[in-house]
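With PDB, C-alpha atoms inside, this is model_35.pdb:
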ATOM      1  CA  MET A1028     -27.405 -43.511 -22.471
ATOM      2  CA  LYS A1029     -26.481 -41.333 -19.527
ATOM      3  CA  LYS A1030     -28.711 -41.853 -16.513
ATOM      4  CA  PRO A1031     -30.373 -38.850 -14.822
ATOM      5  CA  ALA A1032     -28.961 -37.047 -11.848
ATOM      6  CA  LEU A1033     -32.223 -37.549 -10.021
ATOM      7  CA  ALA A1034     -31.916 -36.861  -6.296
ATOM      8  CA  LEU A1035     -34.448 -39.147  -4.684
ATOM      9  CA  SER A1036     -35.056 -38.027  -1.132
ATOM     10  CA  LEU A1037     -35.736 -40.525   1.622
ATOM     11  CA  VAL A1038     -35.683 -38.897   5.044
ATOM     12  CA  SER A1039     -36.517 -42.053   6.989
ATOM     13  CA  VAL A1040     -37.318 -45.639   6.277
ATOM     14  CA  ALA A1041     -38.425 -46.713   9.746
ATOM     15  CA  VAL A1042     -38.688 -50.343   8.800
ATOM     16  CA  LEU A1043     -38.793 -51.296  12.459
ATOM     17  CA  ALA A1044     -42.176 -49.624  12.714
ATOM     18  CA  LEU A1045     -43.541 -52.272  10.382
ATOM     19  CA  ALA A1046     -43.135 -54.818  13.158
ATOM     20  CA  GLY A1047     -46.441 -53.536  14.502
ATOM     21  CA  CYS A1048     -48.202 -54.383  11.226
ATOM     22  CA  SER A1049     -49.676 -57.852  10.970
ATOM     23  CA  ALA A1050     -51.784 -59.799   8.535
ATOM     24  CA  ALA A1051     -53.917 -61.354  11.249
ATOM     25  CA  PRO A1052     -55.709 -60.115  14.372
ATOM     26  CA  ALA A1053     -53.579 -59.723  17.480
ATOM     27  CA  ALA A1054     -54.279 -62.412  20.048
ATOM     28  CA  GLY A1055     -54.709 -59.898  22.824
ATOM     29  CA  GLY A1056     -57.068 -57.625  20.919
ATOM     30  CA  ALA A1057     -57.409 -54.225  22.571
ATOM     31  CA  ASP A1058     -56.482 -55.573  26.025
ATOM     32  CA  ASP A1059     -52.861 -54.502  25.590
ATOM     33  CA  GLY A1060     -53.933 -50.857  25.420
ATOM     34  CA  LYS A1061     -52.832 -50.375  21.822
ATOM     35  CA  ILE A1062     -55.082 -48.691  19.292
ATOM     36  CA  GLN A1063     -56.616 -51.324  17.023
ATOM     37  CA  VAL A1064     -56.177 -50.286  13.391
ATOM     38  CA  VAL A1065     -57.451 -52.182  10.345
ATOM     39  CA  ALA A1066     -56.246 -51.294   6.842
ATOM     40  CA  SER A1067     -57.656 -52.646   3.609
ATOM     41  CA  THR A1068     -54.162 -53.295   2.196
ATOM     42  CA  ASN A1069     -50.629 -53.359   3.531
ATOM     43  CA  VAL A1070     -49.904 -50.060   1.773
ATOM     44  CA  TYR A1071     -52.090 -48.242   4.282
ATOM     45  CA  GLY A1072     -51.259 -50.690   7.046
ATOM     46  CA  SER A1073     -47.558 -49.913   6.770
ATOM     47  CA  LEU A1074     -48.234 -46.187   7.012
ATOM     48  CA  ALA A1075     -50.380 -46.682  10.113
ATOM     49  CA  ALA A1076     -47.690 -48.849  11.705
ATOM     50  CA  GLN A1077     -44.969 -46.316  10.985
ATOM     51  CA  ILE A1078     -47.029 -43.400  12.302
ATOM     52  CA  GLY A1079     -48.415 -45.253  15.335
ATOM     53  CA  GLY A1080     -45.303 -47.156  16.331
ATOM     54  CA  ASP A1081     -45.699 -49.274  19.444
ATOM     55  CA  ARG A1082     -48.930 -47.474  20.376
ATOM     56  CA  VAL A1083     -50.913 -49.286  17.661
ATOM     57  CA  GLU A1084     -51.745 -52.808  16.567
ATOM     58  CA  VAL A1085     -52.296 -52.866  12.806
ATOM     59  CA  THR A1086     -54.023 -55.552  10.771
ATOM     60  CA  SER A1087     -53.855 -55.352   6.979
ATOM     61  CA  ILE A1088     -56.566 -57.455   5.357
ATOM     62  CA  ILE A1089     -54.845 -57.825   1.985
ATOM     63  CA  THR A1090     -51.116 -58.500   2.037
ATOM     64  CA  SER A1091     -50.645 -60.890  -0.888
ATOM     65  CA  ALA A1092     -50.248 -59.959  -4.541
ATOM     66  CA  ALA A1093     -52.444 -62.971  -5.310
ATOM     67  CA  GLN A1094     -55.438 -61.150  -3.817
ATOM     68  CA  ASP A1095     -57.094 -58.465  -5.951
ATOM     69  CA  PRO A1096     -58.703 -55.765  -3.750
ATOM     70  CA  HIS A1097     -61.181 -54.970  -6.549
ATOM     71  CA  SER A1098     -62.749 -58.421  -6.304
ATOM     72  CA  TYR A1099     -61.759 -59.542  -2.814
ATOM     73  CA  GLU A1100     -64.497 -61.310  -0.864
ATOM     74  CA  SER A1101     -64.220 -60.762   2.866
ATOM     75  CA  SER A1102     -64.316 -63.596   5.375
ATOM     76  CA  ALA A1103     -65.879 -64.079   8.788
ATOM     77  CA  ARG A1104     -62.439 -63.546  10.249
ATOM     78  CA  ASP A1105     -62.151 -60.199   8.457
ATOM     79  CA  ARG A1106     -65.508 -59.142   9.904
ATOM     80  CA  LEU A1107     -64.423 -60.090  13.417
ATOM     81  CA  THR A1108     -61.191 -58.183  12.954
ATOM     82  CA  LEU A1109     -62.933 -55.033  11.793
ATOM     83  CA  GLN A1110     -65.555 -55.199  14.555
ATOM     84  CA  LYS A1111     -62.698 -54.675  17.030
ATOM     85  CA  ALA A1112     -61.161 -51.794  15.077
ATOM     86  CA  GLU A1113     -60.983 -48.271  16.454
ATOM     87  CA  LEU A1114     -59.609 -46.896  13.198
ATOM     88  CA  VAL A1115     -60.125 -48.211   9.657
ATOM     89  CA  ILE A1116     -58.053 -47.017   6.709
ATOM     90  CA  GLU A1117     -59.447 -47.713   3.247
ATOM     91  CA  ASN A1118     -58.605 -46.550  -0.235
ATOM     92  CA  GLY A1119     -62.190 -46.021  -1.395
ATOM     93  CA  GLY A1120     -63.334 -45.168  -4.900
ATOM     94  CA  GLY A1121     -64.469 -48.749  -5.509
ATOM     95  CA  TYR A1122     -60.974 -50.177  -5.070
ATOM     96  CA  ASP A1123     -61.606 -51.977  -1.779
ATOM     97  CA  SER A1124     -65.408 -51.950  -1.556
ATOM     98  CA  PHE A1125     -65.371 -55.060   0.633
ATOM     99  CA  ILE A1126     -64.605 -52.668   3.493
ATOM    100  CA  ASP A1127     -68.056 -51.096   3.139
ATOM    101  CA  GLU A1128     -69.706 -54.439   3.822
ATOM    102  CA  LEU A1129     -67.458 -55.079   6.804
ATOM    103  CA  LEU A1130     -68.296 -51.665   8.269
ATOM    104  CA  GLU A1131     -71.961 -52.601   8.618
ATOM    105  CA  GLY A1132     -72.709 -52.770  12.329
ATOM    106  CA  ALA A1133     -69.313 -51.296  13.249
ATOM    107  CA  ASP A1134     -68.538 -47.707  14.231
ATOM    108  CA  PRO A1135     -64.794 -47.053  14.016
ATOM    109  CA  GLU A1136     -63.186 -43.864  12.813
ATOM    110  CA  VAL A1137     -62.548 -44.117   9.055
ATOM    111  CA  VAL A1138     -59.899 -42.558   6.825
ATOM    112  CA  THR A1139     -60.784 -42.841   3.120
ATOM    113  CA  ALA A1140     -57.774 -42.020   0.983
ATOM    114  CA  VAL A1141     -59.501 -41.075  -2.293
ATOM    115  CA  GLU A1142     -61.422 -38.276  -0.606
ATOM    116  CA  PHE A1143     -58.166 -36.340  -0.211
ATOM    117  CA  SER A1144     -57.484 -36.322  -3.945
ATOM    118  CA  HIS A1145     -57.989 -33.045  -5.800
ATOM    119  CA  ASP A1146     -59.453 -35.162  -8.621
ATOM    120  CA  PHE A1147     -62.112 -36.762  -6.425
ATOM    121  CA  PRO A1148     -65.636 -35.670  -7.451
ATOM    122  CA  GLY A1149     -66.438 -32.482  -5.569
ATOM    123  CA  ASN A1150     -62.779 -31.619  -4.990
ATOM    124  CA  GLU A1151     -61.857 -30.702  -8.579
ATOM    125  CA  GLY A1152     -61.916 -26.966  -7.966
ATOM    126  CA  HIS A1153     -59.534 -27.209  -5.037
ATOM    127  CA  GLU A1154     -56.215 -26.175  -6.590
ATOM    128  CA  ALA A1155     -52.869 -26.596  -4.852
ATOM    129  CA  GLU A1156     -51.143 -23.367  -3.868
ATOM    130  CA  ALA A1157     -47.533 -22.704  -4.725
ATOM    131  CA  GLU A1158     -46.628 -22.335  -1.055
ATOM    132  CA  HIS A1159     -49.171 -24.618   0.575
ATOM    133  CA  ASP A1160     -49.714 -25.857   4.081
ATOM    134  CA  HIS A1161     -50.827 -29.471   3.755
ATOM    135  CA  ALA A1162     -52.349 -29.569   7.209
ATOM    136  CA  ASP A1163     -54.531 -26.535   6.538
ATOM    137  CA  GLU A1164     -55.655 -27.982   3.198
ATOM    138  CA  ALA A1165     -56.622 -31.264   4.786
ATOM    139  CA  GLU A1166     -59.057 -29.570   7.132
ATOM    140  CA  GLY A1167     -61.219 -28.598   4.167
ATOM    141  CA  ASP A1168     -61.221 -31.947   2.387
ATOM    142  CA  ALA A1169     -64.407 -33.880   1.884
ATOM    143  CA  HIS A1170     -63.421 -36.720   4.209
ATOM    144  CA  ALA A1171     -63.769 -34.504   7.244
ATOM    145  CA  GLU A1172     -67.548 -34.387   7.180
ATOM    146  CA  GLU A1173     -68.992 -35.944  10.313
ATOM    147  CA  GLY A1174     -71.596 -38.640   9.943
ATOM    148  CA  HIS A1175     -69.690 -40.360   7.124
ATOM    149  CA  ASP A1176     -71.934 -43.290   6.225
ATOM    150  CA  HIS A1177     -69.264 -45.351   4.419
ATOM    151  CA  GLU A1178     -71.345 -45.305   1.222
ATOM    152  CA  GLY A1179     -70.598 -44.044  -2.257
ATOM    153  CA  HIS A1180     -67.375 -45.989  -2.805
ATOM    154  CA  ASP A1181     -68.410 -47.910  -5.917
ATOM    155  CA  HIS A1182     -66.127 -47.435  -8.916
ATOM    156  CA  ILE A1183     -66.343 -43.837 -10.102
ATOM    157  CA  GLU A1184     -66.330 -43.420 -13.857
ATOM    158  CA  GLY A1185     -63.387 -41.361 -15.036
ATOM    159  CA  PHE A1186     -61.664 -41.241 -11.643
ATOM    160  CA  ASN A1187     -58.358 -43.033 -11.032
ATOM    161  CA  GLU A1188     -58.694 -44.545  -7.552
ATOM    162  CA  HIS A1189     -55.039 -45.599  -7.253
ATOM    163  CA  VAL A1190     -54.203 -42.525  -5.175
ATOM    164  CA  TRP A1191     -51.350 -44.098  -3.200
ATOM    165  CA  PHE A1192     -49.174 -43.213  -6.196
ATOM    166  CA  ASP A1193     -50.079 -39.504  -5.840
ATOM    167  CA  PRO A1194     -47.607 -38.025  -3.308
ATOM    168  CA  HIS A1195     -49.650 -34.860  -2.757
ATOM    169  CA  THR A1196     -52.799 -36.810  -1.890
ATOM    170  CA  MET A1197     -50.841 -39.114   0.379
ATOM    171  CA  VAL A1198     -49.528 -36.182   2.403
ATOM    172  CA  HIS A1199     -53.131 -35.492   3.410
ATOM    173  CA  VAL A1200     -53.758 -39.165   4.143
ATOM    174  CA  VAL A1201     -50.701 -39.411   6.395
ATOM    175  CA  GLU A1202     -51.728 -36.307   8.314
ATOM    176  CA  ALA A1203     -55.285 -37.603   8.674
ATOM    177  CA  ILE A1204     -54.033 -40.899  10.108
ATOM    178  CA  ALA A1205     -51.909 -39.008  12.636
ATOM    179  CA  ASP A1206     -54.891 -36.814  13.563
ATOM    180  CA  GLU A1207     -57.176 -39.809  14.079
ATOM    181  CA  LEU A1208     -54.590 -41.620  16.193
ATOM    182  CA  THR A1209     -54.117 -38.488  18.286
ATOM    183  CA  ALA A1210     -57.874 -38.252  18.895
ATOM    184  CA  LEU A1211     -57.869 -41.875  20.065
ATOM    185  CA  ASP A1212     -54.670 -41.566  22.113
ATOM    186  CA  PRO A1213     -53.893 -37.922  22.994
ATOM    187  CA  GLU A1214     -50.805 -38.886  24.973
ATOM    188  CA  GLY A1215     -49.201 -40.155  21.789
ATOM    189  CA  GLU A1216     -49.647 -36.901  19.858
ATOM    190  CA  ALA A1217     -45.969 -35.927  19.823
ATOM    191  CA  ASP A1218     -44.924 -39.370  18.578
ATOM    192  CA  PHE A1219     -47.639 -39.502  15.928
ATOM    193  CA  THR A1220     -46.878 -36.003  14.697
ATOM    194  CA  ALA A1221     -43.138 -36.611  14.485
ATOM    195  CA  ALA A1222     -43.519 -39.902  12.616
ATOM    196  CA  ALA A1223     -46.019 -38.393  10.192
ATOM    197  CA  ALA A1224     -43.706 -35.445   9.557
ATOM    198  CA  GLU A1225     -40.936 -37.828   8.492
ATOM    199  CA  ILE A1226     -43.202 -39.509   5.937
ATOM    200  CA  VAL A1227     -44.482 -36.139   4.707
ATOM    201  CA  ALA A1228     -40.882 -35.039   4.154
ATOM    202  CA  ASP A1229     -40.342 -38.161   2.041
ATOM    203  CA  LEU A1230     -43.497 -37.454   0.043
ATOM    204  CA  GLU A1231     -42.579 -33.838  -0.587
ATOM    205  CA  GLY A1232     -39.193 -35.089  -1.752
ATOM    206  CA  PHE A1233     -40.944 -37.414  -4.193
ATOM    207  CA  GLU A1234     -42.990 -34.489  -5.515
ATOM    208  CA  ALA A1235     -39.725 -32.654  -6.158
ATOM    209  CA  ASP A1236     -38.222 -35.727  -7.832
ATOM    210  CA  LEU A1237     -41.194 -35.999 -10.182
ATOM    211  CA  ASP A1238     -40.951 -32.288 -10.982
ATOM    212  CA  THR A1239     -37.310 -32.843 -11.922
ATOM    213  CA  LEU A1240     -38.240 -35.818 -14.074
ATOM    214  CA  LYS A1241     -40.948 -33.709 -15.712
ATOM    215  CA  THR A1242     -38.295 -31.295 -16.904
ATOM    216  CA  GLU A1243     -35.865 -34.001 -17.978
ATOM    217  CA  ALA A1244     -38.393 -36.254 -19.743
ATOM    218  CA  ALA A1245     -39.985 -33.340 -21.625
ATOM    219  CA  GLY A1246     -43.348 -35.037 -22.131
ATOM    220  CA  ALA A1247     -41.988 -38.392 -23.277
ATOM    221  CA  PRO A1248     -44.703 -40.693 -24.718
ATOM    222  CA  VAL A1249     -45.604 -43.769 -22.647
ATOM    223  CA  PHE A1250     -48.046 -46.641 -23.074
ATOM    224  CA  ILE A1251     -49.993 -47.381 -19.856
ATOM    225  CA  THR A1252     -51.722 -50.779 -19.851
ATOM    226  CA  GLU A1253     -54.061 -49.804 -17.000
ATOM    227  CA  PRO A1254     -54.584 -46.753 -14.753
ATOM    228  CA  LEU A1255     -52.450 -47.936 -11.800
ATOM    229  CA  PRO A1256     -49.354 -45.743 -12.511
ATOM    230  CA  GLY A1257     -51.392 -42.869 -13.921
ATOM    231  CA  TYR A1258     -50.670 -40.397 -11.120
ATOM    232  CA  ILE A1259     -46.910 -40.941 -11.266
ATOM    233  CA  ALA A1260     -46.930 -40.627 -15.062
ATOM    234  CA  ALA A1261     -48.964 -37.424 -14.911
ATOM    235  CA  ALA A1262     -46.761 -35.892 -12.215
ATOM    236  CA  ALA A1263     -43.713 -36.673 -14.358
ATOM    237  CA  GLY A1264     -45.371 -34.852 -17.271
ATOM    238  CA  LEU A1265     -45.420 -37.922 -19.499
ATOM    239  CA  THR A1266     -47.698 -38.168 -22.540
ATOM    240  CA  ASP A1267     -50.099 -41.109 -22.487
ATOM    241  CA  VAL A1268     -50.307 -42.578 -25.999
ATOM    242  CA  THR A1269     -52.401 -45.606 -25.023
ATOM    243  CA  PRO A1270     -55.326 -46.089 -27.428
ATOM    244  CA  GLU A1271     -58.625 -45.085 -25.856
ATOM    245  CA  GLY A1272     -60.408 -48.001 -24.232
ATOM    246  CA  PHE A1273     -57.390 -50.279 -23.799
ATOM    247  CA  ALA A1274     -56.498 -49.485 -20.182
ATOM    248  CA  GLU A1275     -60.132 -49.305 -19.123
ATOM    249  CA  ALA A1276     -60.886 -52.751 -20.541
ATOM    250  CA  VAL A1277     -57.841 -54.308 -18.872
ATOM    251  CA  GLU A1278     -58.717 -52.802 -15.495
ATOM    252  CA  GLU A1279     -62.295 -54.046 -15.711
ATOM    253  CA  GLY A1280     -61.161 -57.525 -16.743
ATOM    254  CA  ALA A1281     -62.982 -57.179 -20.065
ATOM    255  CA  ASP A1282     -61.763 -58.126 -23.532
ATOM    256  CA  VAL A1283     -59.966 -55.388 -25.408
ATOM    257  CA  ALA A1284     -61.759 -54.666 -28.670
ATOM    258  CA  PRO A1285     -59.858 -56.210 -31.617
ATOM    259  CA  ALA A1286     -59.472 -52.855 -33.376
ATOM    260  CA  THR A1287     -58.149 -51.287 -30.157
ATOM    261  CA  LEU A1288     -55.655 -54.112 -29.691
ATOM    262  CA  LEU A1289     -54.381 -53.714 -33.240
ATOM    263  CA  GLU A1290     -53.972 -49.995 -32.676
ATOM    264  CA  ALA A1291     -52.135 -50.680 -29.418
ATOM    265  CA  LEU A1292     -49.723 -53.082 -31.086
ATOM    266  CA  ALA A1293     -49.085 -50.545 -33.846
ATOM    267  CA  VAL A1294     -48.217 -47.882 -31.254
ATOM    268  CA  ILE A1295     -45.599 -50.197 -29.768
ATOM    269  CA  GLU A1296     -44.246 -51.655 -33.015
ATOM    270  CA  ASN A1297     -43.907 -48.203 -34.604
ATOM    271  CA  GLY A1298     -41.908 -46.899 -31.647
ATOM    272  CA  GLN A1299     -44.496 -44.320 -30.656
ATOM    273  CA  ALA A1300     -43.991 -45.098 -26.954
ATOM    274  CA  LYS A1301     -40.678 -44.643 -25.168
ATOM    275  CA  VAL A1302     -41.643 -46.808 -22.154
ATOM    276  CA  LEU A1303     -44.380 -49.346 -21.393
ATOM    277  CA  LEU A1304     -45.938 -49.049 -17.915
ATOM    278  CA  THR A1305     -47.729 -52.124 -16.572
ATOM    279  CA  ASN A1306     -49.332 -53.609 -13.471
ATOM    280  CA  ALA A1307     -47.131 -56.410 -12.103
ATOM    281  CA  GLN A1308     -50.084 -58.111 -10.417
ATOM    282  CA  THR A1309     -52.731 -58.197 -13.127
ATOM    283  CA  GLY A1310     -53.041 -58.527 -16.864
ATOM    284  CA  GLY A1311     -54.299 -60.823 -19.577
ATOM    285  CA  SER A1312     -53.582 -62.077 -23.056
ATOM    286  CA  GLU A1313     -53.887 -58.609 -24.577
ATOM    287  CA  THR A1314     -51.434 -57.151 -22.059
ATOM    288  CA  GLU A1315     -49.031 -60.003 -22.705
ATOM    289  CA  ARG A1316     -49.154 -59.323 -26.446
ATOM    290  CA  VAL A1317     -48.324 -55.674 -25.872
ATOM    291  CA  GLU A1318     -45.481 -56.634 -23.508
ATOM    292  CA  ASP A1319     -44.102 -59.102 -26.071
ATOM    293  CA  ALA A1320     -44.249 -56.416 -28.744
ATOM    294  CA  ALA A1321     -42.406 -53.975 -26.447
ATOM    295  CA  GLU A1322     -39.660 -56.503 -25.773
ATOM    296  CA  ALA A1323     -39.286 -57.171 -29.488
ATOM    297  CA  ALA A1324     -39.076 -53.434 -30.175
ATOM    298  CA  GLY A1325     -36.555 -52.837 -27.394
ATOM    299  CA  ILE A1326     -38.951 -50.635 -25.406
ATOM    300  CA  PRO A1327     -38.296 -50.675 -21.632
ATOM    301  CA  ILE A1328     -41.073 -52.086 -19.447
ATOM    302  CA  VAL A1329     -41.682 -50.738 -15.935
ATOM    303  CA  ALA A1330     -44.001 -52.825 -13.764
ATOM    304  CA  PHE A1331     -45.782 -51.199 -10.825
ATOM    305  CA  SER A1332     -47.325 -53.169  -7.949
ATOM    306  CA  GLU A1333     -50.423 -52.552  -5.836
ATOM    307  CA  LEU A1334     -49.020 -53.999  -2.606
ATOM    308  CA  LEU A1335     -45.807 -53.673  -0.636
ATOM    309  CA  GLU A1336     -43.278 -56.452  -0.632
ATOM    310  CA  ASP A1337     -42.510 -58.021   2.743
ATOM    311  CA  GLY A1338     -40.230 -55.862   4.845
ATOM    312  CA  SER A1339     -40.407 -52.708   2.741
ATOM    313  CA  SER A1340     -41.814 -49.376   3.837
ATOM    314  CA  TYR A1341     -44.124 -47.171   1.796
ATOM    315  CA  SER A1342     -41.338 -44.624   1.293
ATOM    316  CA  GLU A1343     -38.918 -47.259   0.014
ATOM    317  CA  TRP A1344     -41.574 -48.585  -2.354
ATOM    318  CA  MET A1345     -42.342 -45.149  -3.789
ATOM    319  CA  ARG A1346     -38.661 -44.282  -4.127
ATOM    320  CA  ASP A1347     -38.042 -47.469  -6.103
ATOM    321  CA  ALA A1348     -41.070 -46.888  -8.350
ATOM    322  CA  ILE A1349     -39.926 -43.384  -9.279
ATOM    323  CA  GLN A1350     -36.323 -44.449  -9.774
ATOM    324  CA  ASN A1351     -37.323 -47.370 -12.000
ATOM    325  CA  LEU A1352     -39.358 -45.011 -14.148
ATOM    326  CA  ALA A1353     -36.495 -42.513 -14.349
ATOM    327  CA  ASP A1354     -34.022 -45.233 -15.332
ATOM    328  CA  ALA A1355     -36.327 -46.487 -18.106
ATOM    329  CA  LEU A1356     -36.911 -43.012 -19.517
ATOM    330  CA  HIS A1357     -33.175 -42.364 -19.675
ATOM    331  CA  SER A1358     -32.127 -45.763 -20.982
TER     332      SER A1358
END
Represent the structure of the file as structure tokens.
Amino acid sequence: MKKPALALSLVSVAVLALAGCSAAPAAGGADDGKIQVVASTNVYGSLAAQIGGDRVEVTSIITSAAQDPHSYESSARDRLTLQKAELVIENGGGYDSFIDELLEGADPEVVTAVEFSHDFPGNEGHEAEAEHDHADEAEGDAHAEEGHDHEGHDHIEGFNEHVWFDPHTMVHVVEAIADELTALDPEGEADFTAAAAEIVADLEGFEADLDTLKTEAAGAPVFITEPLPGYIAAAAGLTDVTPEGFAEAVEEGADVAPATLLEALAVIENGQAKVLLTNAQTGGSETERVEDAAEAAGIPIVAFSELLEDGSSYSEWMRDAIQNLADALHS
């Protein structure tokens, strides 16, 4: 079928900025005058590196798809790395709770991504305005409270913590990172602000792309094996036809109830889903059965990842995710 005329905006890739993002502590520590930043995953590490440029040294604790942030057990090396950090960027919401343990005895500035989400408990009544100023909105978000004790990040029932796939939330996160870097290094304010503005422009472009897809897809039904791509699917106006309990069980690593699995297979085999959305890094026998059924039924499968591939920027990664979804919906 004809593919969509979806204009995916990408103002800047800035891959060179990723050179400042490492998976291990810098040998010189803070002696080189750079701001020491620690991110729970390379998704946030890449953003910090792009915003901070050569004024930061970024260490991402999790960089491999073989490591699951939900169950990651920190090491002595991780603790040493974080003890030297001036800024820590975490996802929160129970996704990377190992950071909470590492923060004990440390006192860096902390940016917690989930606290910028309008869906985060306590933020639900904060509606986006048609003509909004992201910077002004961010000032009122829950993360800004002083005395943040790094607690309360256990998994929150009913809340999707995978906020890096929510462009609107990530605008706030990017601006918060730039603000924190500016507070630590005022002389770099112009550089931080300019770099953040480029990423924000990309994100606002992605919001527009998803709005376009929302119109084109007209509420197309999709099966989502776990919550990872939930924000992108919702922004694209897609209808989730996954049987209740399936995605939750997969995310928690629990067995899917037999009756739920049978219902899930029926949804796929009867063609009730136009596209199957999966997590490329996790799964199990039940997910594999659903994927096999989708392949047999000729239903496109779009796999989303939780970490960046080597050499890619956050903006490239998001652009590809949205384009892959668009291609599948119009196949």
*Mind telling me what the PyMOL selection byres ((chain A and resi 1143) around 6) catches here, as a list in words?*
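So the PyMOL selection byres ((chain A and resi 1143) around 6) ends up selecting Ala1140, Val1141, Glu1142, Ser1144, Asp1168 and Thr1196 of chain A.
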*Please indicate the distance in Å from atom CA of Asp1105 of chain A to atom CA of Ile1088 of chain A, rounded to one decimal place.*
7.0 Å
*Could you tell me which residues the PyMOL selection byres ((chain A and resi 1302) around 6) grabs in this file, written as a ChimeraX atom specification?*
/A:1249,1300-1301,1303,1326-1328
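Using only C-alpha atoms, the smallest distance between any of A:Ala1276, A:Gly1121, A:Ile1226, A:Pro1135 and Val1198 of chain A comes from A:Ile1226.
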*Return the single residue from A:Leu1289, A:Val1294, A:Leu1240, A:Ala1307 that is closest to Ala1093 of chain A, with distances computed using all atoms listed in the file.*
A:Ala1307
*Smallest atom-to-atom distance to Ile1295 of chain A: which of A:Gln1077, A:Gln1308, A:Ser1101, A:Thr1314, using all atoms listed in the file?*
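Checking each of A:Gln1077, A:Gln1308, A:Ser1101, A:Thr1314 against Ile1295 of chain A, counting all atoms listed in the file, the winner is A:Thr1314.
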*Find the distance between atom CA of Ala1075 of chain A and atom CA of Thr1309 of chain A and write it in Å to one decimal.*
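Computed distance, atom CA of Ala1075 of chain A to atom CA of Thr1309 of chain A, equals 26.0 Å.
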